[in-house]
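What follows is the content of run-v8.tsv, which has TSV, C-alpha atoms:
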```tsv
chain	number	residue	atom	x	y	z
A	1	MET	CA	172.33	385.71	-41.95
A	2	GLN	CA	169.99	383.21	-43.57
A	3	PHE	CA	166.46	384.33	-44.34
A	4	LYS	CA	163.39	383.58	-46.40
A	5	SER	CA	162.61	386.15	-49.07
A	6	MET	CA	159.63	386.87	-51.31
A	7	VAL	CA	160.05	388.02	-54.90
A	8	LEU	CA	158.59	391.50	-55.43
A	9	SER	CA	159.50	391.85	-59.11
A	10	ASN	CA	161.63	390.07	-61.71
A	11	VAL	CA	162.04	392.16	-64.85
A	12	GLU	CA	164.03	391.46	-68.01
A	13	VAL	CA	165.96	394.71	-68.51
A	14	SER	CA	167.83	393.52	-71.63
A	15	PRO	CA	167.84	390.23	-73.55
A	16	SER	CA	168.88	387.50	-71.05
A	17	TYR	CA	169.53	390.09	-68.27
A	18	PHE	CA	167.14	390.35	-65.31
A	19	ARG	CA	166.71	392.66	-62.34
A	20	MET	CA	165.03	391.05	-59.35
A	21	ARG	CA	163.70	392.80	-56.25
A	22	MET	CA	162.99	390.72	-53.16
A	23	THR	CA	162.06	391.28	-49.53
A	24	ALA	CA	164.78	391.37	-46.88
A	25	PRO	CA	164.75	391.70	-43.09
A	26	PRO	CA	165.38	395.21	-41.72
A	27	THR	CA	168.40	393.78	-39.90
A	28	ILE	CA	170.07	392.54	-43.10
A	29	GLY	CA	173.11	394.70	-42.32
A	30	VAL	CA	174.97	395.25	-45.60
A	31	SER	CA	178.06	396.89	-44.12
A	32	CYS	CA	179.47	398.19	-47.41
A	33	PRO	CA	178.77	398.12	-51.15
A	34	GLY	CA	180.31	395.15	-52.94
A	35	GLN	CA	179.03	392.40	-50.67
A	36	PHE	CA	176.98	389.55	-52.14
A	37	VAL	CA	174.25	387.06	-51.30
A	38	MET	CA	173.96	383.33	-51.98
A	39	VAL	CA	170.56	382.39	-53.40
A	40	LYS	CA	168.99	378.94	-53.28
A	41	VAL	CA	167.00	378.93	-56.49
A	42	ASN	CA	164.89	375.84	-55.87
A	43	PRO	CA	163.82	374.24	-52.54
A	44	ALA	CA	164.31	370.85	-54.18
A	45	ILE	CA	167.75	369.23	-54.48
A	46	ASP	CA	168.30	370.33	-58.11
A	47	PRO	CA	170.16	372.60	-58.50
A	48	LEU	CA	172.01	371.64	-55.34
A	49	LEU	CA	174.25	374.66	-54.85
A	50	ARG	CA	173.33	378.24	-54.12
A	51	ARG	CA	174.21	380.93	-56.67
A	52	PRO	CA	176.17	384.10	-55.74
A	53	PHE	CA	174.84	387.53	-56.74
A	54	GLY	CA	176.20	390.97	-55.95
A	55	VAL	CA	173.89	393.39	-54.14
A	56	PHE	CA	172.66	395.79	-56.82
A	57	ASP	CA	170.52	397.91	-54.51
A	58	LEU	CA	169.13	397.99	-51.01
A	59	GLY	CA	166.37	400.20	-49.65
A	60	THR	CA	162.89	400.45	-48.17
A	61	PHE	CA	159.39	401.33	-49.32
A	62	GLU	CA	156.14	402.12	-47.55
A	63	THR	CA	153.78	399.24	-46.91
A	64	GLU	CA	150.83	398.45	-44.66
A	65	PHE	CA	151.92	394.85	-44.16
A	66	THR	CA	154.71	395.41	-41.61
A	67	ASP	CA	154.58	396.69	-38.06
A	68	CYS	CA	156.87	399.64	-38.82
A	69	GLY	CA	155.07	400.56	-42.03
A	70	ARG	CA	158.14	400.03	-44.20
A	71	GLN	CA	159.55	397.00	-46.02
A	72	THR	CA	163.27	396.48	-46.67
A	73	TYR	CA	164.12	395.22	-50.15
A	74	LEU	CA	167.20	393.79	-51.84
A	75	GLU	CA	167.90	393.81	-55.57
A	76	ILE	CA	170.17	391.65	-57.71
A	77	LEU	CA	171.13	391.89	-61.38
A	78	TYR	CA	171.76	388.62	-63.21
A	79	LYS	CA	172.22	387.06	-66.63
A	80	VAL	CA	170.70	383.75	-67.69
A	81	VAL	CA	173.71	381.53	-68.40
A	82	GLY	CA	172.75	378.12	-67.01
A	83	LYS	CA	170.12	376.01	-65.32
A	84	GLY	CA	170.08	377.94	-62.03
A	85	THR	CA	169.68	381.40	-63.53
A	86	ALA	CA	167.19	380.07	-66.08
A	87	MET	CA	165.03	378.84	-63.20
A	88	LEU	CA	165.49	382.17	-61.43
A	89	SER	CA	164.20	384.02	-64.49
A	90	THR	CA	160.87	382.14	-64.33
A	91	LEU	CA	160.00	383.37	-60.82
A	92	HIS	CA	157.18	385.84	-60.30
A	93	GLN	CA	155.91	388.17	-57.61
A	94	GLY	CA	155.01	386.14	-54.53
A	95	ASP	CA	157.45	383.29	-55.15
A	96	HIS	CA	159.91	382.54	-52.35
A	97	LEU	CA	163.69	382.19	-52.13
A	98	ASP	CA	166.15	381.14	-49.45
A	99	ILE	CA	168.95	383.71	-49.05
A	100	LEU	CA	172.30	383.58	-47.26
A	101	GLY	CA	174.09	386.89	-46.75
A	102	PRO	CA	175.29	389.50	-47.03
A	103	LEU	CA	178.72	387.90	-47.39
A	104	GLY	CA	182.27	388.90	-48.20
A	105	LYS	CA	184.27	392.10	-48.07
A	106	GLY	CA	183.12	395.11	-50.05
A	107	PHE	CA	184.56	398.35	-51.36
A	108	THR	CA	186.37	400.97	-49.29
A	109	LEU	CA	184.95	404.41	-50.08
A	110	GLY	CA	188.27	406.24	-49.76
A	111	ASP	CA	189.03	409.97	-49.79
A	112	PRO	CA	185.79	411.91	-50.47
A	113	ALA	CA	187.79	414.63	-52.22
A	114	GLY	CA	189.12	412.27	-54.89
A	115	GLU	CA	187.37	411.39	-58.13
A	116	LYS	CA	185.67	407.99	-58.12
A	117	LEU	CA	185.93	406.04	-61.38
A	118	LEU	CA	183.61	403.01	-61.71
A	119	VAL	CA	184.33	400.47	-64.46
A	120	GLY	CA	182.04	397.59	-65.39
A	121	GLY	CA	179.78	395.99	-67.95
A	122	GLY	CA	176.88	393.55	-68.04
A	123	VAL	CA	176.32	392.04	-64.60
A	124	GLY	CA	179.64	393.61	-63.60
A	125	LEU	CA	177.58	396.75	-63.07
A	126	ALA	CA	175.63	395.03	-60.28
A	127	PRO	CA	177.74	396.00	-57.24
A	128	LEU	CA	178.68	399.35	-58.76
A	129	TYR	CA	175.19	400.86	-58.54
A	130	TYR	CA	174.89	400.49	-54.77
A	131	LEU	CA	178.48	401.75	-54.52
A	132	ALA	CA	177.60	404.79	-56.64
A	133	LYS	CA	174.64	405.60	-54.35
A	134	GLU	CA	177.06	405.88	-51.43
A	135	LEU	CA	179.86	407.69	-53.27
A	136	VAL	CA	177.70	410.47	-54.78
A	137	LYS	CA	176.88	411.70	-51.28
A	138	GLU	CA	180.36	413.22	-51.00
A	139	SER	CA	182.33	412.63	-54.22
A	140	ARG	CA	182.31	413.22	-57.95
A	141	VAL	CA	181.59	409.89	-59.64
A	142	HIS	CA	182.20	408.70	-63.21
A	143	LEU	CA	180.97	405.42	-64.69
A	144	PHE	CA	182.72	403.64	-67.57
A	145	ALA	CA	180.37	400.94	-68.86
A	146	GLY	CA	181.46	398.47	-71.52
A	147	GLY	CA	180.13	395.45	-73.37
A	148	ARG	CA	180.09	393.57	-76.63
A	149	ASN	CA	177.00	395.49	-77.80
A	150	LYS	CA	174.28	397.79	-76.51
A	151	GLU	CA	172.41	394.86	-74.93
A	152	ASP	CA	175.27	394.45	-72.41
A	153	ILE	CA	174.89	398.05	-71.17
A	154	LEU	CA	172.44	397.87	-68.28
A	155	CYS	CA	170.57	400.32	-66.05
A	156	ILE	CA	172.49	403.39	-67.25
A	157	THR	CA	169.44	405.57	-66.61
A	158	GLU	CA	169.61	404.68	-62.91
A	159	PHE	CA	173.22	405.85	-62.71
A	160	ASP	CA	172.29	409.07	-64.54
A	161	ARG	CA	169.57	409.77	-61.98
A	162	LEU	CA	172.18	409.61	-59.23
A	163	GLY	CA	174.17	412.33	-60.96
A	164	VAL	CA	176.91	409.97	-62.16
A	165	GLU	CA	178.75	411.10	-65.31
A	166	THR	CA	178.56	408.12	-67.67
A	167	TYR	CA	180.80	406.97	-70.52
A	168	VAL	CA	179.88	403.95	-72.67
A	169	ALA	CA	181.92	401.78	-75.04
A	170	THR	CA	180.84	398.72	-77.01
A	171	ASP	CA	182.89	396.38	-79.17
A	172	ASP	CA	180.59	396.82	-82.16
A	173	GLY	CA	179.84	400.52	-81.67
A	174	THR	CA	176.08	400.04	-81.26
A	175	LEU	CA	176.16	402.29	-78.18
A	176	GLY	CA	178.74	404.87	-77.18
A	177	ALA	CA	182.32	404.72	-78.45
A	178	GLN	CA	183.45	401.72	-80.45
A	179	GLY	CA	186.17	399.75	-78.73
A	180	LEU	CA	187.15	398.61	-75.26
A	181	VAL	CA	185.91	400.41	-72.17
A	182	THR	CA	189.50	400.48	-70.89
A	183	GLU	CA	190.45	402.67	-73.86
A	184	VAL	CA	187.83	405.23	-72.81
A	185	LEU	CA	188.99	404.91	-69.21
A	186	GLU	CA	192.61	405.64	-70.13
A	187	GLN	CA	191.63	408.86	-71.89
A	188	HIS	CA	190.20	410.04	-68.57
A	189	LEU	CA	193.06	408.72	-66.43
A	190	SER	CA	195.52	410.96	-68.25
A	191	ARG	CA	193.87	413.94	-66.56
A	192	ALA	CA	192.57	412.37	-63.33
A	193	GLY	CA	193.99	413.53	-60.02
A	194	ALA	CA	196.44	411.47	-58.01
A	195	ASN	CA	193.86	410.93	-55.26
A	196	ALA	CA	191.35	409.33	-57.66
A	197	THR	CA	190.19	405.76	-57.05
A	198	ILE	CA	189.12	403.12	-59.57
A	199	TYR	CA	186.44	400.57	-58.68
A	200	ALA	CA	186.01	397.77	-61.22
A	201	CYS	CA	183.87	394.68	-61.60
A	202	GLY	CA	183.63	392.38	-64.59
A	203	PRO	CA	185.42	389.63	-66.49
A	204	THR	CA	189.02	388.89	-65.52
A	205	PRO	CA	190.62	390.15	-68.78
A	206	MET	CA	188.97	393.54	-68.25
A	207	LEU	CA	190.04	393.66	-64.60
A	208	LYS	CA	193.60	392.77	-65.59
A	209	ALA	CA	193.64	395.63	-68.10
A	210	VAL	CA	192.21	398.04	-65.50
A	211	ALA	CA	194.85	396.95	-62.96
A	212	PHE	CA	197.57	397.62	-65.55
A	213	LEU	CA	196.23	401.13	-66.13
A	214	ALA	CA	196.04	401.78	-62.39
A	215	ASP	CA	199.73	400.86	-62.08
A	216	LYS	CA	200.63	402.93	-65.12
A	217	TYR	CA	199.00	406.10	-63.79
A	218	GLY	CA	199.68	405.49	-60.09
A	219	ILE	CA	196.00	405.42	-59.13
A	220	ALA	CA	194.44	403.32	-56.37
A	221	CYS	CA	192.27	400.51	-57.70
A	222	GLN	CA	189.83	398.07	-56.10
A	223	VAL	CA	188.47	395.14	-58.09
A	224	SER	CA	185.48	392.89	-57.45
A	225	LEU	CA	186.19	389.37	-58.71
A	226	GLU	CA	183.74	386.86	-60.07
A	227	GLY	CA	184.19	383.30	-58.79
A	228	TYR	CA	182.56	379.88	-58.87
A	229	MET	CA	181.37	379.57	-55.28
A	230	ALA	CA	179.86	376.52	-53.62
A	231	CYS	CA	179.62	377.70	-50.02
A	232	GLY	CA	180.21	381.47	-49.98
A	233	VAL	CA	182.08	381.40	-46.66
A	234	GLY	CA	185.55	380.08	-47.52
A	235	ALA	CA	185.02	376.45	-46.50
A	236	CYS	CA	185.08	374.69	-49.87
A	237	LEU	CA	188.08	376.55	-51.40
A	238	GLY	CA	186.37	376.43	-54.78
A	239	CYS	CA	186.92	380.09	-55.61
A	240	VAL	CA	190.60	380.64	-54.80
A	241	VAL	CA	192.79	383.06	-56.76
A	242	GLN	CA	196.51	383.69	-56.54
A	243	GLY	CA	197.71	386.42	-54.21
A	244	LYS	CA	200.62	388.75	-55.00
A	245	ASP	CA	203.21	386.57	-53.23
A	246	HIS	CA	202.19	383.31	-54.85
A	247	SER	CA	204.84	380.91	-56.15
A	248	GLU	CA	205.25	377.14	-56.36
A	249	ALA	CA	207.49	377.23	-53.31
A	250	THR	CA	205.23	379.52	-51.26
A	251	PRO	CA	201.61	379.29	-52.37
A	252	ASP	CA	199.50	382.38	-51.68
A	253	TYR	CA	195.83	381.76	-52.31
A	254	ARG	CA	192.89	384.05	-51.53
A	255	CYS	CA	189.22	382.98	-51.37
A	256	VAL	CA	187.05	385.26	-53.51
A	257	CYS	CA	184.08	384.70	-51.20
A	258	LYS	CA	185.80	385.25	-47.84
A	259	ASP	CA	188.87	387.40	-48.54
A	260	GLY	CA	186.96	389.31	-51.24
A	261	PRO	CA	185.13	389.56	-53.53
A	262	VAL	CA	186.70	393.05	-53.44
A	263	PHE	CA	190.50	393.24	-53.41
A	264	ASP	CA	193.05	395.97	-53.79
A	265	GLN	CA	194.48	395.18	-57.19
A	266	THR	CA	198.02	395.21	-55.78
A	267	ASP	CA	197.16	392.21	-53.57
A	268	LEU	CA	196.63	389.90	-56.57
A	269	LEU	CA	198.99	388.12	-58.96
A	270	TRP	CA	197.66	389.17	-62.36
A	271	SER	CA	200.30	387.38	-64.44
```
Any chance you could give the structure as C-alpha cells?
Amino acid sequence: MQFKSMVLSNVEVSPSYFRMRMTAPPTIGVSCPGQFVMVKVNPAIDPLLRRPFGVFDLGTFETEFTDCGRQTYLEILYKVVGKGTAMLSTLHQGDHLDILGPLGKGFTLGDPAGEKLLVGGGVGLAPLYYLAKELVKESRVHLFAGGRNKEDILCITEFDRLGVETYVATDDGTLGAQGLVTEVLEQHLSRAGANATIYACGPTPMLKAVAFLADKYGIACQVSLEGYMACGVGACLGCVVQGKDHSEATPDYRCVCKDGPVFDQTDLLWS
C-alpha cells in the first residue's frame, strides 16, 4: 500500500534518536509485528531512494477530523546517520510524507505458554515494542536492551508500562550492567524453559552472538535483519544475505526486504 501521511509529532528521545508519529489509513493492515515501511523523505529527487523503518507502534486516537471519529497512527524510531534521516529529523507537525508499506515478513508469536525473550538496542528496539504489545496479551515477556552507553537505551519506560520485565546492559556501565547484552541474556537462558523463544533485532554481530546462544541452549530464535534497501519489495536485490545452504557451487541468497526482515536464525548462514 502506498499512501500520503502527515507528521503528528517528531520528538528527539535521546541524542540523535527520534520517535515520529504519523497518520496512516485505517486499512493499513500490519499483519504482524516486525514489518516495515519505506519512507520517501523529500518529494524532490534528492534523496532519491526511500528509507526503510520498522513499525515501532500502531494504534488509533480520538479525533473530530475523520468520519469515524478516530485516526489511525503509525510510529517509527530512527537514528540520524545520514542525509535522509537528517532531513527526516527536521520535519514538524503538519509536514507530509509518502509511505510504502507495510512490507516484509514479521515475527511469529509462537507458543503463548513459553517465555518470550526480546533482545535489542538503539533502533533495534523499534520492531520489538509493537511485538511486545502483542505478546504480553498471553505470555510472559522479558526485554534485554543493550548499547554502547545509556543514550542508546530507548523507550524503556514504554516497555515497563506494558508489564515487560526489563534488563539493561551498556558497554561503559552508564546504565544497567556493564558489558554486552548477550552476557545478561545468557544468564537468563541457563534457567529458561525449553519452549521459550528469542526475538532479536540489532547489528549483525549481536544477532550472530544471539543465534549462537540459541543453538547452545536449544531455544527457538527469530532475528530481524537490518539491510540497505532500495526498493523494499525484492526487485533490486540490494539487501541479500546468505541462506543456510549457501556455497559457491549452490548459491542460496535471501532478500531481507521480501524474505524477511524476520528470519528463523537456523535459516541463515552466520559464518
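Neighbouring residues of A:Asp264 at 12 Å or closer, counting all atoms listed in the file and skipping chain neighbours under 4 positions away, are A:Lys105, A:Gly106, A:Phe107, A:Thr108, A:Thr197, A:Ile198, A:Tyr199, A:Ala200, A:Leu207, A:Val210, A:Ala211, A:Ala214, A:Asp215, A:Ile219, A:Ala220, A:Cys221, A:Gln222, A:Val223, A:Ser224, A:Leu225, A:Gly243, A:Lys244, A:Asp259, A:Gly260, A:Leu268, A:Leu269, A:Trp270.
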Distance atom CA of A:Cys68-atom CA of A:Leu8, one decimal place?
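Calculated distance between atom CA of A:Cys68 and atom CA of A:Leu8 is 18.6 Å.
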Using all atoms listed in the file, the shortest atom-to-atom distance to A:Val13 among A:Leu237, A:Met229, A:Leu180, A:Ile153 belongs to A:Ile153
Around all the atoms of stretch 173-183 of chain A listed in the file, draw an axis-aligned box and extend it by 8 Å on each of the six sides; I want its centre and edge lengths in Å to one decimal, as lines of an AutoDock Vina configuration file.
```
center_x = 183.3
center_y = 401.7
center_z = -76.3
size_x = 30.4
size_y = 22.3
size_z = 26.8
```
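Closest approach to A:Thr60 among A:Met206, A:Ile99, A:Leu131, A:Leu74 is made by A:Leu74 (distances from all atoms listed in the file).
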When distances are computed from only C-alpha atoms, which of A:Phe144, A:Tyr228, A:Tyr167, A:Phe3 shows the smallest separation from A:Phe53?
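Checking each of A:Phe144, A:Tyr228, A:Tyr167, A:Phe3 against A:Phe53, counting only C-alpha atoms, the winner is A:Tyr228.
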Separation of atom CA of A:His96 and atom CA of A:Ser5, in Å?
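Answer for the atom CA of A:His96 to atom CA of A:Ser5 separation: 5.6 Å.
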Given the point (180.1, 398.1, -65.9) in the file's coordinates, find the residues that have an atom at most 8 Å from it, counting all atoms listed in the file, and give them as a PyMOL selection string.
chain A and resi 118-126+128+143-147+153+200-202
Write the selection just made, keeping C-alpha atoms, as a CSV table (one decimal), in the frame of the given file?
```csv
chain,number,residue,atom,x,y,z
A,118,LEU,CA,183.6,403.0,-61.7
A,119,VAL,CA,184.3,400.5,-64.5
A,120,GLY,CA,182.0,397.6,-65.4
A,121,GLY,CA,179.8,396.0,-68.0
A,122,GLY,CA,176.9,393.6,-68.0
A,123,VAL,CA,176.3,392.0,-64.6
A,124,GLY,CA,179.6,393.6,-63.6
A,125,LEU,CA,177.6,396.8,-63.1
A,126,ALA,CA,175.6,395.0,-60.3
A,128,LEU,CA,178.7,399.4,-58.8
A,143,LEU,CA,181.0,405.4,-64.7
A,144,PHE,CA,182.7,403.6,-67.6
A,145,ALA,CA,180.4,400.9,-68.9
A,146,GLY,CA,181.5,398.5,-71.5
A,147,GLY,CA,180.1,395.4,-73.4
A,153,ILE,CA,174.9,398.0,-71.2
A,200,ALA,CA,186.0,397.8,-61.2
A,201,CYS,CA,183.9,394.7,-61.6
A,202,GLY,CA,183.6,392.4,-64.6
```
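If you measure from each of A:Thr174, A:Gln187, A:Ser271, A:Ser139 to A:Asp152 using only C-alpha atoms, the closest one turns out to be A:Thr174.
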Give the answer as one residue: which of A:Leu49, A:Met87, A:Asp172, A:Pro26 has the shortest atom-to-atom distance to A:Gly69, using only C-alpha atoms?
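For A:Gly69, the nearest of the given residues is A:Pro26.
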May I have the residues within 9 Å of A:Met22 as a VMD selection string, using all atoms listed in the file and disregarding those fewer than 3 positions away in the same chain?
chain A and resid 5 to 10 72 to 76 93 96 to 97
Output the selection as a compact mmCIF listing (two decimals), in the frame of the given file - C-alpha atoms for each residue.
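Final output, saved to out-v6.txt:
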```
# COMPACT_ATOMS: atom_id res chain seq x y z
CA SER A 5 162.61 386.15 -49.07
CA MET A 6 159.63 386.87 -51.31
CA VAL A 7 160.05 388.02 -54.90
CA LEU A 8 158.59 391.50 -55.43
CA SER A 9 159.50 391.85 -59.11
CA ASN A 10 161.63 390.07 -61.71
CA THR A 72 163.27 396.48 -46.67
CA TYR A 73 164.12 395.22 -50.15
CA LEU A 74 167.20 393.79 -51.84
CA GLU A 75 167.90 393.81 -55.57
CA ILE A 76 170.17 391.65 -57.71
CA GLN A 93 155.91 388.17 -57.61
CA HIS A 96 159.91 382.54 -52.35
CA LEU A 97 163.69 382.19 -52.13
```
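Distances to A:Gly238 were evaluated for A:Leu109, A:Cys255, A:Ala24, A:Asn149 using all atoms listed in the file, and the minimum falls at A:Cys255.
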Supply stretch 6-28 of chain A as an mmCIF file, in the coordinates of the input, with N, CA and C atoms built in where the input has gaps.
```cif
data_model
loop_
_atom_site.group_PDB
_atom_site.id
_atom_site.type_symbol
_atom_site.label_atom_id
_atom_site.label_comp_id
_atom_site.auth_asym_id
_atom_site.auth_seq_id
_atom_site.Cartn_x
_atom_site.Cartn_y
_atom_site.Cartn_z
ATOM 1 N N MET A 6 160.689 386.957 -50.315
ATOM 2 C CA MET A 6 159.630 386.870 -51.310
ATOM 3 C C MET A 6 159.962 387.768 -52.492
ATOM 4 N N VAL A 7 159.790 387.243 -53.683
ATOM 5 C CA VAL A 7 160.050 388.020 -54.900
ATOM 6 C C VAL A 7 159.003 389.131 -55.018
ATOM 7 N N LEU A 8 159.486 390.356 -55.207
ATOM 8 C CA LEU A 8 158.590 391.500 -55.430
ATOM 9 C C LEU A 8 158.457 391.825 -56.908
ATOM 10 N N SER A 9 159.530 391.661 -57.664
ATOM 11 C CA SER A 9 159.500 391.850 -59.110
ATOM 12 C C SER A 9 160.695 391.146 -59.721
ATOM 13 N N ASN A 10 160.570 390.775 -60.994
ATOM 14 C CA ASN A 10 161.630 390.070 -61.710
ATOM 15 C C ASN A 10 161.516 390.460 -63.175
ATOM 16 N N VAL A 11 162.251 391.494 -63.569
ATOM 17 C CA VAL A 11 162.040 392.160 -64.850
ATOM 18 C C VAL A 11 163.239 391.929 -65.773
ATOM 19 N N GLU A 12 162.966 391.580 -67.008
ATOM 20 C CA GLU A 12 164.030 391.460 -68.010
ATOM 21 C C GLU A 12 164.382 392.859 -68.508
ATOM 22 N N VAL A 13 165.572 393.344 -68.176
ATOM 23 C CA VAL A 13 165.960 394.710 -68.510
ATOM 24 C C VAL A 13 166.703 394.781 -69.833
ATOM 25 N N SER A 14 167.164 393.649 -70.343
ATOM 26 C CA SER A 14 167.830 393.520 -71.630
ATOM 27 C C SER A 14 167.801 392.044 -71.965
ATOM 28 N N PRO A 15 167.910 391.659 -73.235
ATOM 29 C CA PRO A 15 167.840 390.230 -73.550
ATOM 30 C C PRO A 15 168.769 389.378 -72.685
ATOM 31 N N SER A 16 168.191 388.447 -71.939
ATOM 32 C CA SER A 16 168.880 387.500 -71.050
ATOM 33 C C SER A 16 169.345 388.123 -69.727
ATOM 34 N N TYR A 17 169.147 389.417 -69.520
ATOM 35 C CA TYR A 17 169.530 390.090 -68.270
ATOM 36 C C TYR A 17 168.272 390.433 -67.476
ATOM 37 N N PHE A 18 168.300 390.118 -66.165
ATOM 38 C CA PHE A 18 167.140 390.350 -65.310
ATOM 39 C C PHE A 18 167.532 391.155 -64.076
ATOM 40 N N ARG A 19 166.572 391.913 -63.595
ATOM 41 C CA ARG A 19 166.710 392.660 -62.340
ATOM 42 C C ARG A 19 165.605 392.186 -61.418
ATOM 43 N N MET A 20 166.002 391.604 -60.287
ATOM 44 C CA MET A 20 165.030 391.050 -59.350
ATOM 45 C C MET A 20 165.050 391.838 -58.043
ATOM 46 N N ARG A 21 163.860 392.177 -57.566
ATOM 47 C CA ARG A 21 163.700 392.800 -56.250
ATOM 48 C C ARG A 21 163.011 391.808 -55.339
ATOM 49 N N MET A 22 163.541 391.674 -54.115
ATOM 50 C CA MET A 22 162.990 390.720 -53.160
ATOM 51 C C MET A 22 162.956 391.332 -51.767
ATOM 52 N N THR A 23 162.128 390.789 -50.908
ATOM 53 C CA THR A 23 162.060 391.280 -49.530
ATOM 54 C C THR A 23 163.313 390.862 -48.761
ATOM 55 N N ALA A 24 163.643 391.654 -47.748
ATOM 56 C CA ALA A 24 164.780 391.370 -46.880
ATOM 57 C C ALA A 24 164.442 391.853 -45.478
ATOM 58 N N PRO A 25 165.014 391.246 -44.463
ATOM 59 C CA PRO A 25 164.750 391.700 -43.090
ATOM 60 C C PRO A 25 165.393 393.060 -42.843
ATOM 61 N N PRO A 26 164.799 393.895 -41.999
ATOM 62 C CA PRO A 26 165.380 395.210 -41.720
ATOM 63 C C PRO A 26 166.757 395.126 -41.088
ATOM 64 N N THR A 27 167.099 393.977 -40.552
ATOM 65 C CA THR A 27 168.400 393.780 -39.900
ATOM 66 C C THR A 27 169.426 393.152 -40.839
ATOM 67 N N ILE A 28 169.198 393.224 -42.148
ATOM 68 C CA ILE A 28 170.070 392.540 -43.100
ATOM 69 C C ILE A 28 171.524 392.999 -42.970
#
```
